[in-house]
Amino acid sequence: MAGLSHRQTEILNIARAFGRVMVEDLAKRFEVSAQTIRKDLNDLCDERSLTRIHGGAIIASGVENLAYEARRFVAAEEKKAIGAAAAARIPNGCSLFINIGTTTEEVASALTSHEDLLVITNNLNVAMLLYRHPRIEVVVAGGTVRRADGAVVGSTATQLIGQFKVDYAIIGASAIDEEGALLDFDYREVQVAQAIIANARNVMLVSDATKLRRSAPVRIAHMSQIQTFVTDSPLPAGLANICHSRGIEVVVAMDKPPVDIDDSADAAPATLRSAQGA
């Protein structure tokens with residue numbers, strides 16, 4: 001990209017490879033001050049190449065999602081904590097949908113000690129995690145497999161999901177806007193997610209705080225259509241108020257400060273339940 005310094009170009013390459021970059025790590029790598037790195041990140045954000053997060057930046061989004069393997073590196077510890085907190089709320093002997101996403105995969109990983117589960121999924125990675133366990137029955141939606149991430153998408157997958165009515169749906173989202181819209185990038189994936197929501201008695205959204213700073217073009221649903229939101233940080237005031245007014249249970253999986261979408265954002269009120277006490 002024209003106008004970038006050699007260091008800024010390298011920072012952008014690292015972000016593309018791993019999904020995010022952190023100020024302290026970059027300062028050590030390039031042997032410069034944290035202030036210098038912050039200026040580099042601000043310049044890259046001004047170019048709309050990166051989006052700032054607490055302590056660093058992630059690849060900017062809007063039209064195209066991060067590569068799936070890169071997404072695994074973004075908020076990896078947070079996703080694992082979210083997965084464990086979400087799985088702890090799923091009882092034995094129930095049926096559930098699990099859709100595509102690196103966070104929903106963490107939920108699946110945390111479900112392996114459960115018993116007598118029926119799991120319907122359009123996520124081949126989830127199926128591979130669970131099918132070996134004798135007390136978990138796995139049904140995989142048919143259809144076109146997306147090479148990028150192992151998602152099964154399209155009308156055939158949507159039709160199969162419509163044949164079930166399950167106890168729980170575990171869904172993710174690529175972005176969540178300040179008005180509570182859940183957003184994604186691929187309309188075919190969204191159609192499957194909408195069918196999952198429509199055919200579950202309880203819908204659980206699992207998403208880390210980086211999704212609050214991103215954008216995506218396709219609307220999945222609204223927060224009002226879910227019953228439980230498992231995340232890693234207390235929510236900013238606007239989303240916290242939406243959840244409170246709609247009776248949505250918010251489970252915070254980590255002991256972290258409230259999310260600030262930008263420097264002027266208000267902190268969320270303390271109306272959230274910690275996962276440690278759940």
# chains A, B, ... in the order shown; residues from 1 in each chain; ligands from 1
call {"tool": "residues_around", "arguments": {"residues": "A:Gln191", "least_positions_apart": "3", "cutoff": "9 Å", "atoms": "only C-alpha atoms", "output": "list in words"}}
result
Val153, Gly154, Ser155, Thr158, Asp186, Tyr187, Arg188, Gln194, Ala195, Ile196 and Ile220 of chain A
call {"tool": "atom_distance", "arguments": {"atom1": "atom CA of A:Val192", "atom2": "atom CA of A:Lys211"}}
result
19.9 Å
call {"tool": "select_by_dssp", "arguments": {"residues": "stretch 48-196 of chain A", "states": "alpha helix (DSSP H)", "output": "CSV table (one decimal) with C-alpha atoms, in the first residue's frame"}}
result
chain,number,residue,atom,x,y,z
A,68,TYR,CA,-10.5,-18.9,9.0
A,69,GLU,CA,-7.1,-20.0,10.2
A,70,ALA,CA,-6.1,-16.3,11.0
A,71,ARG,CA,-9.4,-16.0,13.0
A,72,ARG,CA,-8.3,-18.8,15.3
A,73,PHE,CA,-5.5,-16.5,16.6
A,76,ALA,CA,-7.9,-17.3,21.3
A,77,GLU,CA,-7.9,-17.3,25.1
A,78,GLU,CA,-11.2,-15.4,25.2
A,79,LYS,CA,-12.8,-17.9,22.8
A,80,LYS,CA,-11.7,-20.8,24.9
A,81,ALA,CA,-13.2,-19.2,28.1
A,82,ILE,CA,-16.4,-18.4,26.2
A,83,GLY,CA,-16.6,-22.0,25.0
A,84,ALA,CA,-16.2,-23.4,28.5
A,85,ALA,CA,-18.8,-21.0,30.0
A,86,ALA,CA,-21.3,-21.8,27.2
A,87,ALA,CA,-20.8,-25.6,27.5
A,102,THR,CA,-14.1,-20.6,15.6
A,103,THR,CA,-15.9,-19.7,18.9
A,104,THR,CA,-18.6,-22.3,18.3
A,105,GLU,CA,-15.9,-24.8,17.8
A,106,GLU,CA,-14.6,-24.0,21.3
A,107,VAL,CA,-18.0,-24.7,22.6
A,108,ALA,CA,-18.0,-28.1,20.9
A,109,SER,CA,-14.5,-28.8,22.4
A,110,ALA,CA,-15.9,-28.1,25.8
A,124,LEU,CA,-17.4,-30.0,9.6
A,125,ASN,CA,-14.8,-29.0,12.3
A,126,VAL,CA,-17.5,-29.4,15.0
A,127,ALA,CA,-18.4,-32.8,13.6
A,128,MET,CA,-14.8,-34.0,13.6
A,129,LEU,CA,-14.5,-32.8,17.2
A,130,LEU,CA,-17.5,-34.7,18.5
A,155,SER,CA,-30.5,-24.6,0.6
A,156,THR,CA,-29.9,-28.3,1.3
A,157,ALA,CA,-28.4,-27.5,4.6
A,158,THR,CA,-31.2,-25.1,5.4
A,159,GLN,CA,-33.8,-27.7,4.6
A,160,LEU,CA,-32.3,-30.4,6.8
A,161,ILE,CA,-32.1,-28.0,9.7
A,187,TYR,CA,-25.6,-14.7,2.8
A,188,ARG,CA,-25.7,-18.5,2.3
A,189,GLU,CA,-24.2,-18.9,5.8
A,190,VAL,CA,-26.7,-16.4,7.1
A,191,GLN,CA,-29.6,-18.4,5.7
A,192,VAL,CA,-28.5,-21.5,7.6
A,193,ALA,CA,-28.0,-19.4,10.8
A,194,GLN,CA,-31.5,-18.0,10.4
A,195,ALA,CA,-32.9,-21.5,10.1
A,196,ILE,CA,-31.0,-22.6,13.2
call {"tool": "residues_around", "arguments": {"residues": "stretch 168-170 of chain A", "least_positions_apart": "5", "cutoff": "6 Å", "atoms": "only C-alpha atoms", "output": "list of chain:residue names"}}
result
A:Leu96, A:Phe97, A:Ile98, A:Ala200, A:Asn202, A:Val203, A:Met204
call {"tool": "write_last_selection", "arguments": {"atoms": "C-alpha atoms", "output": "PDB file, in the first residue's frame"}}
result
ATOM      1  CA  LEU A  96     -28.612 -28.646  19.938  1.00  0.00           C
ATOM      2  CA  PHE A  97     -27.507 -26.892  16.773  1.00  0.00           C
ATOM      3  CA  ILE A  98     -23.930 -25.624  16.450  1.00  0.00           C
ATOM      4  CA  ALA A 200     -34.376 -23.786  18.473  1.00  0.00           C
ATOM      5  CA  ASN A 202     -33.231 -21.420  23.268  1.00  0.00           C
ATOM      6  CA  VAL A 203     -30.613 -19.493  21.309  1.00  0.00           C
ATOM      7  CA  MET A 204     -27.165 -18.850  22.778  1.00  0.00           C
TER       8      MET A 204
END
call {"tool": "residues_around", "arguments": {"residues": "A:Gly55", "least_positions_apart": "4", "cutoff": "8 Å", "atoms": "only C-alpha atoms", "output": "NGL selection string"}}
result
:A and (22-24)
call {"tool": "write_last_selection", "arguments": {"atoms": "C-alpha atoms", "output": "short mmCIF file (atom, residue, chain, number, x, y, z; two decimals), in the first residue's frame"}}
result
data_model
loop_
_atom_site.label_atom_id
_atom_site.label_comp_id
_atom_site.auth_asym_id
_atom_site.auth_seq_id
_atom_site.Cartn_x
_atom_site.Cartn_y
_atom_site.Cartn_z
CA MET A 22 -0.38 -6.17 20.00
CA VAL A 23 1.52 -2.98 20.84
CA GLU A 24 3.91 -4.57 23.36
#
call {"tool": "select_by_dssp", "arguments": {"residues": "stretch 11-128 of chain A", "states": "strand (DSSP E)", "output": "compact mmCIF listing (two decimals) with all heavy atoms, in the first residue's frame"}}
result
# COMPACT_ATOMS: atom_id res chain seq x y z
N ARG A 20 -4.41 -10.47 14.41
CA ARG A 20 -4.28 -9.29 15.27
C ARG A 20 -2.82 -9.03 15.60
O ARG A 20 -1.96 -9.92 15.44
CB ARG A 20 -5.07 -9.46 16.57
CG ARG A 20 -4.49 -10.48 17.53
CD ARG A 20 -5.24 -10.44 18.86
NE ARG A 20 -4.76 -11.48 19.75
CZ ARG A 20 -5.18 -11.65 21.00
NH1 ARG A 20 -6.11 -10.84 21.49
NH2 ARG A 20 -4.71 -12.60 21.76
N VAL A 21 -2.51 -7.83 16.05
CA VAL A 21 -1.18 -7.45 16.51
C VAL A 21 -1.34 -6.70 17.82
O VAL A 21 -2.34 -6.01 18.03
CB VAL A 21 -0.43 -6.58 15.48
CG1 VAL A 21 -0.01 -7.39 14.27
CG2 VAL A 21 -1.29 -5.39 15.04
N MET A 22 -0.34 -6.83 18.71
CA MET A 22 -0.38 -6.17 20.00
C MET A 22 0.78 -5.20 20.13
O MET A 22 1.89 -5.48 19.66
CB MET A 22 -0.34 -7.21 21.13
CG MET A 22 -1.43 -8.27 21.05
SD MET A 22 -3.12 -7.60 20.97
CE MET A 22 -3.27 -6.94 22.64
N LEU A 50 -6.47 -1.51 9.40
CA LEU A 50 -6.61 -2.14 10.70
C LEU A 50 -7.73 -1.46 11.48
O LEU A 50 -8.13 -0.34 11.16
CB LEU A 50 -5.31 -2.03 11.51
CG LEU A 50 -4.06 -2.74 10.97
CD1 LEU A 50 -2.89 -2.50 11.92
CD2 LEU A 50 -4.29 -4.22 10.78
N THR A 51 -8.18 -2.15 12.52
CA THR A 51 -9.15 -1.59 13.47
C THR A 51 -8.55 -1.74 14.86
O THR A 51 -8.11 -2.83 15.23
CB THR A 51 -10.48 -2.34 13.39
OG1 THR A 51 -11.03 -2.20 12.08
CG2 THR A 51 -11.48 -1.79 14.41
N ARG A 52 -8.53 -0.66 15.64
CA ARG A 52 -7.92 -0.69 16.96
C ARG A 52 -8.75 -1.54 17.92
O ARG A 52 -9.98 -1.53 17.90
CB ARG A 52 -7.79 0.72 17.53
CG ARG A 52 -6.67 1.56 16.94
CD ARG A 52 -5.30 0.93 17.05
NE ARG A 52 -4.91 0.68 18.43
CZ ARG A 52 -4.20 1.52 19.18
NH1 ARG A 52 -3.83 2.69 18.69
NH2 ARG A 52 -3.87 1.21 20.41
N ILE A 53 -8.06 -2.30 18.76
CA ILE A 53 -8.64 -2.98 19.91
C ILE A 53 -7.79 -2.62 21.11
O ILE A 53 -6.73 -1.99 20.98
CB ILE A 53 -8.68 -4.52 19.73
CG1 ILE A 53 -7.26 -5.08 19.56
CG2 ILE A 53 -9.56 -4.91 18.56
CD1 ILE A 53 -7.19 -6.58 19.58
N GLY A 56 -3.89 -3.13 20.99
CA GLY A 56 -3.38 -3.48 19.67
C GLY A 56 -4.36 -3.18 18.58
O GLY A 56 -5.08 -2.18 18.63
N ALA A 57 -4.41 -4.06 17.57
CA ALA A 57 -5.30 -3.85 16.42
C ALA A 57 -5.58 -5.18 15.74
O ALA A 57 -4.83 -6.15 15.90
CB ALA A 57 -4.67 -2.87 15.43
N ILE A 58 -6.68 -5.23 15.00
CA ILE A 58 -7.03 -6.39 14.19
C ILE A 58 -7.24 -5.93 12.75
O ILE A 58 -7.40 -4.73 12.49
CB ILE A 58 -8.30 -7.10 14.69
CG1 ILE A 58 -9.50 -6.15 14.66
CG2 ILE A 58 -8.09 -7.66 16.08
CD1 ILE A 58 -10.82 -6.80 15.01
N ILE A 59 -7.21 -6.87 11.84
CA ILE A 59 -7.48 -6.55 10.44
C ILE A 59 -8.87 -5.96 10.32
O ILE A 59 -9.84 -6.49 10.88
CB ILE A 59 -7.37 -7.83 9.57
CG1 ILE A 59 -5.90 -8.23 9.40
CG2 ILE A 59 -8.00 -7.62 8.21
CD1 ILE A 59 -5.10 -7.31 8.49
N SER A 95 -30.76 -31.72 22.87
CA SER A 95 -30.42 -31.59 21.45
C SER A 95 -29.99 -30.16 21.17
O SER A 95 -30.49 -29.22 21.80
CB SER A 95 -31.63 -31.96 20.58
OG SER A 95 -32.76 -31.16 20.93
N LEU A 96 -29.07 -30.00 20.22
CA LEU A 96 -28.61 -28.65 19.94
C LEU A 96 -28.05 -28.52 18.53
O LEU A 96 -27.56 -29.48 17.94
CB LEU A 96 -27.56 -28.19 20.95
CG LEU A 96 -26.24 -28.95 21.07
CD1 LEU A 96 -25.15 -28.02 21.62
CD2 LEU A 96 -26.39 -30.13 22.03
N PHE A 97 -28.18 -27.30 18.00
CA PHE A 97 -27.51 -26.89 16.77
C PHE A 97 -26.20 -26.21 17.15
O PHE A 97 -26.14 -25.48 18.14
CB PHE A 97 -28.34 -25.87 15.99
CG PHE A 97 -29.61 -26.38 15.39
CD1 PHE A 97 -30.81 -25.72 15.65
CD2 PHE A 97 -29.63 -27.45 14.53
CE1 PHE A 97 -31.99 -26.14 15.09
CE2 PHE A 97 -30.81 -27.90 13.96
CZ PHE A 97 -31.99 -27.24 14.24
N ILE A 98 -25.17 -26.41 16.34
CA ILE A 98 -23.93 -25.62 16.45
C ILE A 98 -23.56 -25.18 15.05
O ILE A 98 -23.37 -26.01 14.15
CB ILE A 98 -22.78 -26.44 17.07
CG1 ILE A 98 -23.17 -26.97 18.46
CG2 ILE A 98 -21.52 -25.58 17.17
CD1 ILE A 98 -22.10 -27.81 19.12
N LEU A 117 -26.07 -36.35 24.09
CA LEU A 117 -26.36 -35.16 23.29
C LEU A 117 -26.66 -35.56 21.86
O LEU A 117 -26.08 -36.50 21.32
CB LEU A 117 -25.17 -34.20 23.29
CG LEU A 117 -24.73 -33.55 24.59
CD1 LEU A 117 -23.58 -32.59 24.32
CD2 LEU A 117 -25.88 -32.84 25.28
N LEU A 118 -27.58 -34.82 21.24
CA LEU A 118 -27.78 -34.88 19.79
C LEU A 118 -27.33 -33.54 19.24
O LEU A 118 -27.90 -32.49 19.61
CB LEU A 118 -29.24 -35.13 19.45
CG LEU A 118 -29.61 -34.97 17.96
CD1 LEU A 118 -28.87 -36.01 17.10
CD2 LEU A 118 -31.12 -35.07 17.76
N VAL A 119 -26.31 -33.54 18.40
CA VAL A 119 -25.76 -32.31 17.85
C VAL A 119 -25.97 -32.29 16.35
O VAL A 119 -25.51 -33.19 15.64
CB VAL A 119 -24.25 -32.17 18.16
CG1 VAL A 119 -23.67 -30.93 17.49
CG2 VAL A 119 -24.02 -32.14 19.66
N ILE A 120 -26.68 -31.27 15.86
CA ILE A 120 -26.86 -31.07 14.43
C ILE A 120 -26.01 -29.86 14.05
O ILE A 120 -26.10 -28.80 14.68
CB ILE A 120 -28.34 -30.80 14.06
CG1 ILE A 120 -29.22 -31.97 14.50
CG2 ILE A 120 -28.48 -30.58 12.56
CD1 ILE A 120 -29.94 -31.73 15.81
N THR A 121 -25.15 -30.02 13.06
CA THR A 121 -24.21 -28.95 12.73
C THR A 121 -23.99 -28.82 11.24
O THR A 121 -24.11 -29.79 10.49
CB THR A 121 -22.87 -29.18 13.46
OG1 THR A 121 -22.00 -28.06 13.21
CG2 THR A 121 -22.19 -30.45 12.98
call {"tool": "closest_residue", "arguments": {"among": "A:Ile100, A:Ser113, A:Gly93, A:Phe229", "to": "A:Val166", "atoms": "only C-alpha atoms"}}
result
A:Gly93
